[in-house]
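Source file: input.pdb. Holds: PDB, C-alpha atoms (C1' of nucleotides).
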ATOM      1  CA  MET A   1       0.000   0.000   0.000
ATOM      2  CA  LEU A   2       1.376   3.338  -1.035
ATOM      3  CA  VAL A   3       0.736   6.876   0.200
ATOM      4  CA  ALA A   4       2.050   9.654  -2.024
ATOM      5  CA  GLY A   5       4.603   7.250  -3.414
ATOM      6  CA  LYS A   6       5.831   6.110  -0.006
ATOM      7  CA  SER A   7       4.960   2.754   1.448
ATOM      8  CA  VAL A   8       3.033   2.760   4.694
ATOM      9  CA  THR A   9       5.617   0.365   6.037
ATOM     10  CA  GLY A  10       8.345   2.816   5.141
ATOM     11  CA  LEU A  11       6.558   5.629   6.955
ATOM     12  CA  LYS A  12       5.988   3.478   9.995
ATOM     13  CA  ALA A  13       9.657   2.518  10.040
ATOM     14  CA  LYS A  14      10.499   6.208   9.947
ATOM     15  CA  LEU A  15       8.134   6.808  12.824
ATOM     16  CA  PHE A  16       9.840   4.128  14.907
ATOM     17  CA  ARG A  17      13.216   5.555  13.997
ATOM     18  CA  GLY A  18      12.193   8.600  15.969
ATOM     19  CA  PHE A  19      12.183   6.368  19.052
ATOM     20  CA  SER A  20      15.174   4.235  18.133
ATOM     21  CA  ASP A  21      17.994   6.518  19.169
ATOM     22  CA  THR A  22      19.123   6.883  22.764
ATOM     23  CA  SER A  23      19.336  10.661  22.593
ATOM     24  CA  ARG A  24      15.917  11.148  21.033
ATOM     25  CA  LEU A  25      14.396   8.653  23.423
ATOM     26  CA  SER A  26      15.864  10.532  26.384
ATOM     27  CA  ILE A  27      14.288  13.683  25.042
ATOM     28  CA  LEU A  28      10.900  12.048  24.538
ATOM     29  CA  GLU A  29      10.982  10.467  27.995
ATOM     30  CA  ALA A  30      11.822  13.835  29.515
ATOM     31  CA  LEU A  31       8.817  15.360  27.745
ATOM     32  CA  ARG A  32       6.441  12.754  29.167
ATOM     33  CA  ASP A  33       6.211  14.780  32.368
ATOM     34  CA  GLY A  34       5.269  17.951  30.521
ATOM     35  CA  PRO A  35       6.618  20.651  28.217
ATOM     36  CA  LEU A  36      10.243  21.724  28.454
ATOM     37  CA  THR A  37      12.398  24.398  26.863
ATOM     38  CA  VAL A  38      15.452  23.458  24.830
ATOM     39  CA  GLY A  39      17.702  24.641  27.627
ATOM     40  CA  GLN A  40      15.926  22.445  30.164
ATOM     41  CA  ILE A  41      16.248  19.456  27.854
ATOM     42  CA  VAL A  42      19.963  20.149  27.448
ATOM     43  CA  GLN A  43      20.325  20.166  31.237
ATOM     44  CA  ILE A  44      18.308  17.003  31.785
ATOM     45  CA  THR A  45      19.866  14.946  29.041
ATOM     46  CA  ALA A  46      23.397  16.364  29.282
ATOM     47  CA  LEU A  47      23.577  16.389  25.497
ATOM     48  CA  SER A  48      25.154  19.257  23.609
ATOM     49  CA  GLN A  49      22.931  22.145  22.575
ATOM     50  CA  SER A  50      23.333  21.616  18.852
ATOM     51  CA  ASN A  51      22.733  17.916  19.247
ATOM     52  CA  VAL A  52      19.496  18.472  21.170
ATOM     53  CA  SER A  53      18.382  21.071  18.675
ATOM     54  CA  ASN A  54      19.053  18.747  15.757
ATOM     55  CA  HIS A  55      17.130  15.904  17.362
ATOM     56  CA  LEU A  56      14.262  18.216  18.267
ATOM     57  CA  SER A  57      13.903  19.480  14.728
ATOM     58  CA  CYS A  58      13.904  15.879  13.580
ATOM     59  CA  LEU A  59      11.238  14.942  16.107
ATOM     60  CA  ARG A  60       9.169  17.988  15.193
ATOM     61  CA  ASP A  61       9.437  17.317  11.465
ATOM     62  CA  CYS A  62       8.277  13.769  12.074
ATOM     63  CA  GLY A  63       5.339  15.001  14.110
ATOM     64  CA  LEU A  64       6.314  13.425  17.426
ATOM     65  CA  VAL A  65       6.707  16.741  19.238
ATOM     66  CA  SER A  66       5.382  20.256  18.727
ATOM     67  CA  SER A  67       6.974  23.554  19.665
ATOM     68  CA  GLU A  68       5.877  26.980  20.788
ATOM     69  CA  GLN A  69       7.881  30.158  21.281
ATOM     70  CA  GLN A  70       7.810  31.480  24.841
ATOM     71  CA  GLY A  71       9.821  34.648  25.284
ATOM     72  CA  ARG A  72      13.297  33.885  24.113
ATOM     73  CA  SER A  73      12.829  30.225  24.793
ATOM     74  CA  VAL A  74      11.052  27.590  22.742
ATOM     75  CA  SER A  75       8.867  25.125  24.561
ATOM     76  CA  TYR A  76       8.537  21.559  23.283
ATOM     77  CA  ARG A  77       5.898  18.979  24.139
ATOM     78  CA  LEU A  78       4.737  15.567  22.935
ATOM     79  CA  SER A  79       2.383  16.170  20.036
ATOM     80  CA  ASP A  80      -0.008  13.299  20.769
ATOM     81  CA  PRO A  81      -0.848  11.232  23.843
ATOM     82  CA  ARG A  82      -0.154   8.110  21.807
ATOM     83  CA  VAL A  83       3.519   9.019  21.757
ATOM     84  CA  GLY A  84       3.487   8.596  25.509
ATOM     85  CA  GLU A  85       1.460   5.423  25.068
ATOM     86  CA  LEU A  86       4.116   3.939  22.810
ATOM     87  CA  LEU A  87       6.774   4.780  25.373
ATOM     88  CA  ARG A  88       4.755   3.168  28.155
ATOM     89  CA  LEU A  89       3.937   0.056  26.152
ATOM     90  CA  SER A  90       7.532  -0.389  25.080
ATOM     91  CA  GLY A  91       8.533  -0.127  28.709
ATOM     92  CA  GLU A  92       6.167  -2.961  29.547
ATOM     93  CA  LEU A  93       7.439  -5.089  26.718
ATOM     94  CA  LEU A  94      10.980  -4.357  27.761
ATOM     95  CA  THR A  95      10.441  -5.935  31.162
ATOM     96  CA  GLU A  96       9.574  -9.144  29.320
ATOM     97  CA  VAL A  97      12.317  -9.184  26.742
ATOM     98  CA  ALA A  98      15.005  -7.162  28.505
ATOM     99  CA  ARG A  99      17.462 -10.015  28.659
ATOM    100  CA  GLY A 100      17.085 -10.695  24.967
ATOM    101  CA  VAL A 101      17.550  -7.078  24.037
ATOM    102  CA  TYR A 102      20.543  -6.850  26.311
ATOM    103  CA  GLU A 103      22.167  -9.871  24.757
ATOM    104  CA  CYS A 104      21.299  -8.907  21.207
ATOM    105  CA  ALA A 105      24.659  -8.253  19.631
ATOM    106  CA  ARG A 106      23.534  -6.983  16.263
ATOM    107  CA  TYR A 107      22.853  -3.496  17.545
ATOM    108  CA  GLY A 108      25.913  -2.526  19.314
ATOM    109  CA  SER A 109      27.320   0.314  21.262
ATOM    110  CA  GLU A 110      25.866   3.373  22.840
ATOM    111  CA  ARG A 111      26.982   6.476  21.068
ATOM    112  CA  SER A 112      24.969   8.876  23.165
ATOM    113  CA  GLU A 113      26.515  10.644  26.122
ATOM    114  CA  GLY A 114      23.159  11.333  27.689
ATOM    115  CA  GLU A 115      23.063   8.567  30.289
ATOM    116  CA  LYS A 116      26.299   6.674  30.651
TER
ATOM    117  CA  MET B   1      18.922   4.020  35.778
ATOM    118  CA  LEU B   2      21.162   1.159  34.860
ATOM    119  CA  VAL B   3      20.530  -2.536  34.351
ATOM    120  CA  ALA B   4      23.625  -4.732  34.168
ATOM    121  CA  GLY B   5      25.613  -1.716  33.050
ATOM    122  CA  LYS B   6      23.192  -0.776  30.289
ATOM    123  CA  SER B   7      20.821   2.139  30.573
ATOM    124  CA  VAL B   8      17.135   1.352  30.369
ATOM    125  CA  THR B   9      16.863   4.073  27.768
ATOM    126  CA  GLY B  10      19.541   2.354  25.735
ATOM    127  CA  LEU B  11      17.694  -0.961  25.897
ATOM    128  CA  LYS B  12      14.450   0.684  24.921
ATOM    129  CA  ALA B  13      16.138   2.362  21.958
ATOM    130  CA  LYS B  14      17.420  -1.048  20.907
ATOM    131  CA  LEU B  15      13.923  -2.442  21.198
ATOM    132  CA  PHE B  16      12.542   0.277  18.936
ATOM    133  CA  ARG B  17      15.347  -0.301  16.495
ATOM    134  CA  GLY B  18      13.842  -3.700  15.903
ATOM    135  CA  PHE B  19      10.825  -1.884  14.459
ATOM    136  CA  SER B  20      12.696   0.906  12.743
ATOM    137  CA  ASP B  21      13.822  -0.835   9.575
ATOM    138  CA  THR B  22      11.525  -1.325   6.608
ATOM    139  CA  SER B  23      12.552  -4.927   6.091
ATOM    140  CA  ARG B  24      12.131  -5.961   9.716
ATOM    141  CA  LEU B  25       8.860  -4.109   9.946
ATOM    142  CA  SER B  26       7.555  -5.924   6.862
ATOM    143  CA  ILE B  27       8.464  -9.192   8.532
ATOM    144  CA  LEU B  28       6.771  -8.247  11.803
ATOM    145  CA  GLU B  29       3.643  -7.052  10.011
ATOM    146  CA  ALA B  30       3.504 -10.301   8.082
ATOM    147  CA  LEU B  31       3.684 -12.233  11.355
ATOM    148  CA  ARG B  32       0.740 -10.336  12.841
ATOM    149  CA  ASP B  33      -1.630 -12.675  11.019
ATOM    150  CA  GLY B  34       0.034 -15.754  12.446
ATOM    151  CA  PRO B  35       3.189 -17.879  12.293
ATOM    152  CA  LEU B  36       5.099 -18.175   9.024
ATOM    153  CA  THR B  37       8.070 -20.165   7.789
ATOM    154  CA  VAL B  38      11.174 -18.402   6.508
ATOM    155  CA  GLY B  39      10.276 -19.360   2.957
ATOM    156  CA  GLN B  40       6.822 -17.860   3.288
ATOM    157  CA  ILE B  41       8.295 -14.653   4.667
ATOM    158  CA  VAL B  42      10.722 -14.501   1.751
ATOM    159  CA  GLN B  43       7.801 -14.830  -0.655
ATOM    160  CA  ILE B  44       5.638 -12.240   1.083
ATOM    161  CA  THR B  45       8.328  -9.628   1.577
ATOM    162  CA  ALA B  46      10.258 -10.286  -1.640
ATOM    163  CA  LEU B  47      13.487  -9.870   0.304
ATOM    164  CA  SER B  48      16.451 -12.139  -0.298
ATOM    165  CA  GLN B  49      16.706 -15.303   1.738
ATOM    166  CA  SER B  50      19.895 -14.335   3.534
ATOM    167  CA  ASN B  51      18.509 -10.918   4.276
ATOM    168  CA  VAL B  52      15.331 -12.341   5.805
ATOM    169  CA  SER B  53      17.331 -14.848   7.775
ATOM    170  CA  ASN B  54      19.629 -12.168   9.146
ATOM    171  CA  HIS B  55      16.726  -9.976  10.194
ATOM    172  CA  LEU B  56      14.929 -12.909  11.775
ATOM    173  CA  SER B  57      17.913 -13.867  13.863
ATOM    174  CA  CYS B  58      18.159 -10.247  14.939
ATOM    175  CA  LEU B  59      14.489 -10.132  15.868
ATOM    176  CA  ARG B  60      14.762 -13.441  17.704
ATOM    177  CA  ASP B  61      17.860 -12.371  19.616
ATOM    178  CA  CYS B  62      16.046  -9.219  20.660
ATOM    179  CA  GLY B  63      13.060 -11.224  21.818
ATOM    180  CA  LEU B  64      10.513  -9.826  19.385
ATOM    181  CA  VAL B  65       9.882 -13.149  17.651
ATOM    182  CA  SER B  66      10.301 -16.800  18.601
ATOM    183  CA  SER B  67      11.028 -19.756  16.361
ATOM    184  CA  GLU B  68      10.200 -23.436  16.232
ATOM    185  CA  GLN B  69      11.488 -26.160  13.937
ATOM    186  CA  GLN B  70       8.782 -27.844  11.857
ATOM    187  CA  GLY B  71      10.067 -30.530   9.574
ATOM    188  CA  ARG B  72      12.713 -28.930   7.422
ATOM    189  CA  SER B  73      11.157 -25.535   7.886
ATOM    190  CA  VAL B  74      11.414 -23.136  10.792
ATOM    191  CA  SER B  75       8.262 -21.377  11.902
ATOM    192  CA  TYR B  76       8.447 -17.864  13.315
ATOM    193  CA  ARG B  77       5.851 -15.982  15.341
ATOM    194  CA  LEU B  78       5.552 -12.790  17.361
ATOM    195  CA  SER B  79       6.822 -13.560  20.846
ATOM    196  CA  ASP B  80       4.406 -11.341  22.746
ATOM    197  CA  PRO B  81       1.001  -9.820  21.981
ATOM    198  CA  ARG B  82       2.404  -6.436  22.905
ATOM    199  CA  VAL B  83       4.564  -6.541  19.803
ATOM    200  CA  GLY B  84       1.360  -6.532  17.794
ATOM    201  CA  GLU B  85       0.016  -3.820  20.089
ATOM    202  CA  LEU B  86       2.967  -1.592  19.310
ATOM    203  CA  LEU B  87       2.425  -2.139  15.598
ATOM    204  CA  ARG B  88      -1.254  -1.299  15.911
ATOM    205  CA  LEU B  89      -0.687   1.774  18.053
ATOM    206  CA  SER B  90       1.994   3.079  15.724
ATOM    207  CA  GLY B  91      -0.406   2.606  12.854
ATOM    208  CA  GLU B  92      -2.938   4.777  14.659
ATOM    209  CA  LEU B  93      -0.361   7.420  15.406
ATOM    210  CA  LEU B  94       0.777   7.322  11.811
ATOM    211  CA  THR B  95      -2.637   8.340  10.551
ATOM    212  CA  GLU B  96      -2.254  11.505  12.646
ATOM    213  CA  VAL B  97       1.300  12.414  11.799
ATOM    214  CA  ALA B  98       1.699  10.798   8.390
ATOM    215  CA  ARG B  99       2.264  14.054   6.583
ATOM    216  CA  GLY B 100       4.973  15.050   9.020
ATOM    217  CA  VAL B 101       6.750  11.745   8.718
ATOM    218  CA  TYR B 102       6.509  11.914   4.974
ATOM    219  CA  GLU B 103       8.013  15.374   4.857
ATOM    220  CA  CYS B 104      10.712  14.609   7.423
ATOM    221  CA  ALA B 105      13.905  14.856   5.423
ATOM    222  CA  ARG B 106      16.348  13.722   8.072
ATOM    223  CA  TYR B 107      15.616  10.064   7.498
ATOM    224  CA  GLY B 108      15.923   9.615   3.861
ATOM    225  CA  SER B 109      15.665   6.925   1.303
ATOM    226  CA  GLU B 110      14.162   3.497   1.237
ATOM    227  CA  ARG B 111      16.808   0.859   0.961
ATOM    228  CA  SER B 112      14.479  -2.078   1.233
ATOM    229  CA  GLU B 113      13.129  -3.770  -1.857
ATOM    230  CA  GLY B 114      10.260  -5.333   0.038
ATOM    231  CA  GLU B 115       7.482  -2.949  -0.914
ATOM    232  CA  LYS B 116       8.400  -0.377  -3.526
TER
ATOM    233  C1'  DT C   1      21.990  50.339  18.790
ATOM    234  C1'  DT C   2      24.822  46.987  21.054
ATOM    235  C1'  DA C   3      25.155  43.033  24.009
ATOM    236  C1'  DT C   4      23.482  38.819  25.670
ATOM    237  C1'  DT C   5      20.708  34.896  25.885
ATOM    238  C1'  DA C   6      18.375  31.037  23.575
ATOM    239  C1'  DT C   7      17.916  28.318  19.750
ATOM    240  C1'  DA C   8      18.682  26.864  14.855
ATOM    241  C1'  DT C   9      21.493  25.570  10.969
ATOM    242  C1'  DC C  10      25.342  23.868   8.490
ATOM    243  C1'  DA C  11      29.619  21.353   7.084
ATOM    244  C1'  DT C  12      32.269  17.597   8.276
ATOM    245  C1'  DC C  13      33.686  13.336  10.127
ATOM    246  C1'  DC C  14      33.110   8.544  10.766
ATOM    247  C1'  DC C  15      31.045   4.439  12.479
ATOM    248  C1'  DA C  16      27.136   1.288  12.836
ATOM    249  C1'  DT C  17      24.487  -1.510  10.241
ATOM    250  C1'  DG C  18      21.791  -3.120   6.112
ATOM    251  C1'  DC C  19      22.545  -5.740   1.680
ATOM    252  C1'  DT C  20      24.614  -9.187  -1.245
ATOM    253  C1'  DG C  21      26.786 -13.454  -2.637
ATOM    254  C1'  DA C  22      29.083 -17.448  -1.201
ATOM    255  C1'  DT C  23      29.331 -21.060   1.717
ATOM    256  C1'  DG C  24      27.943 -24.031   5.714
ATOM    257  C1'  DT C  25      24.559 -26.997   8.011
ATOM    258  C1'  DA C  26      20.344 -29.448   9.259
ATOM    259  C1'  DA C  27      16.325 -32.174   7.718
ATOM    260  C1'  DT C  28      14.154 -35.137   4.619
ATOM    261  C1'  DG C  29      13.711 -38.006   0.285
ATOM    262  C1'  DA C  30      15.387 -41.315  -3.146
TER
ATOM    263  C1'  DT D   1      24.862 -42.683   0.823
ATOM    264  C1'  DC D   2      23.829 -38.909  -2.258
ATOM    265  C1'  DA D   3      20.688 -35.290  -3.588
ATOM    266  C1'  DT D   4      17.652 -31.721  -2.428
ATOM    267  C1'  DT D   5      15.282 -28.551   0.218
ATOM    268  C1'  DA D   6      15.270 -25.019   3.862
ATOM    269  C1'  DC D   7      17.635 -22.125   6.535
ATOM    270  C1'  DA D   8      21.865 -19.973   8.872
ATOM    271  C1'  DT D   9      26.260 -17.732   8.845
ATOM    272  C1'  DC D  10      30.005 -15.025   7.269
ATOM    273  C1'  DA D  11      32.998 -11.559   4.803
ATOM    274  C1'  DG D  12      32.945  -7.459   2.343
ATOM    275  C1'  DC D  13      31.033  -3.330   0.760
ATOM    276  C1'  DA D  14      28.413   0.930   0.917
ATOM    277  C1'  DT D  15      25.979   4.548   3.213
ATOM    278  C1'  DG D  16      22.615   6.477   6.432
ATOM    279  C1'  DG D  17      22.660   9.235  10.034
ATOM    280  C1'  DG D  18      24.501  10.711  14.761
ATOM    281  C1'  DA D  19      28.067  13.865  17.006
ATOM    282  C1'  DT D  20      30.684  17.982  17.025
ATOM    283  C1'  DG D  21      32.094  22.782  16.403
ATOM    284  C1'  DA D  22      31.347  26.963  14.083
ATOM    285  C1'  DT D  23      28.243  30.141  12.647
ATOM    286  C1'  DA D  24      23.590  32.303  11.946
ATOM    287  C1'  DT D  25      19.247  34.037  13.669
ATOM    288  C1'  DA D  26      15.649  35.511  16.938
ATOM    289  C1'  DA D  27      14.259  37.632  21.271
ATOM    290  C1'  DT D  28      15.056  40.445  25.039
ATOM    291  C1'  DA D  29      17.934  43.609  27.982
ATOM    292  C1'  DA D  30      20.826  47.639  28.704
TER
END
So, in terms of structure tokens, how does the structure I just supplied come out?
Amino acid sequence: MLVAGKSVTGLKAKLFRGFSDTSRLSILEALRDGPLTVGQIVQITALSQSNVSNHLSCLRDCGLVSSEQQGRSVSYRLSDPRVGELLRLSGELLTEVARGVYECARYGSERSEGEK
Amino acid sequence: MLVAGKSVTGLKAKLFRGFSDTSRLSILEALRDGPLTVGQIVQITALSQSNVSNHLSCLRDCGLVSSEQQGRSVSYRLSDPRVGELLRLSGELLTEVARGVYECARYGSERSEGEK
DNA sequence: TTATTATATCATCCCATGCTGATGTAATGA
DNA sequence: TCATTACATCAGCATGGGATGATATAATAA
């Protein structure tokens, strides 16, 4: 099945790719508790400013978060409650398959510095 | 928070990475309707045999699918109903944010040949 | 206006990982 | 046993995309 020349499967894979990076996931998890400015996200995740900003623009473009200017700052929030739902559900699943994921060698090292 | 030296966020990112590739996602979607042999998956997805086999071993190692020998064939199935839940929920979310995902330039081209 | 704060963008590097083709191995049939 | 079918594994290649540092832009303060 195609949508505007892109397969639905391809779009869904893209959607999941938003969640599949440690840095982006840290950002999304941080936003579960409510909106945050870029500066707050930088503090919480301990990622560099440009890195956070790049990931945020990615997440915004993909529709997972939305942004709003507030004074000099820009506030980000999850764009849909189902984003939080996916995070929660994956957390549940993780408790079942954690050992497998841990032992899975195909996907290797952590490149993020957010949570060592 | 760490588990055996790995961050929970890192494990969760790994889990999502299982869903974040077009080929693996095609395989998982195919398995939603019930168990399939490797050969059947090759037919349905139109991926190469070695490619399917590699992705399946990845998905099995990560705990997303389980396998069972049946004669000369090996039957694969989703290991947990929540895997299907994640697929369903992401499908819902996709209908909301499809345009954004489509326009998101950061994640580019389709490399998979499974569904052109 | 000029300075400062807050965020965005861009070029560049480089490594993880997906794909292919060849080969290995297990299960059944002749 | 030998052949065939079904699947797994491995080496090698190519590239998507994540990190960094420098620079640009927007918003407020002085």
Mind giving me the straight-line distance from atom CA of Phe16 of chain A to atom CA of Gln43 of chain B in Å, one decimal?
24.6 Å
For chain A against chain C, which residues fall within 7 Å using all atoms listed in the file, given as a list of chain:residue names?
A:Ser53, A:Arg72, A:Ser73
Return the neighbours of chain B among the residues of chain D, cut-off 12 Å, counting only C-alpha atoms (C1' of nucleotides), as an MDAnalysis selection string.
chainID D and resid 4:10 14:18
Residue nearest chain A - candidates B:Ile41, B:Val52, B:Cys62, B:Leu78, atoms counted: only C-alpha atoms:
B:Cys62
Could you tell me how far atom CA of Val8 of chain A lies from atom CA of Leu28 of chain B, in Å and to one decimal?
13.6 Å
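Each of B:His55, B:Arg32, B:Arg60, B:Arg17 was compared to chain A using all atoms listed in the file, and B:Arg17 turns out to be the nearest.
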Quick one: pull the distance between atom C1' of DA24 of chain D and atom CA of Ser48 of chain A, Å, one decimal.
17.6 Å
Expected selection from the PyMOL selection byres ((chain B and resi 89-96) around 9), given as a PyMOL selection string:
(chain A and resi 8+11-12+15-16+63+80+82-83+85-86) or (chain B and resi 84-88+97-101)
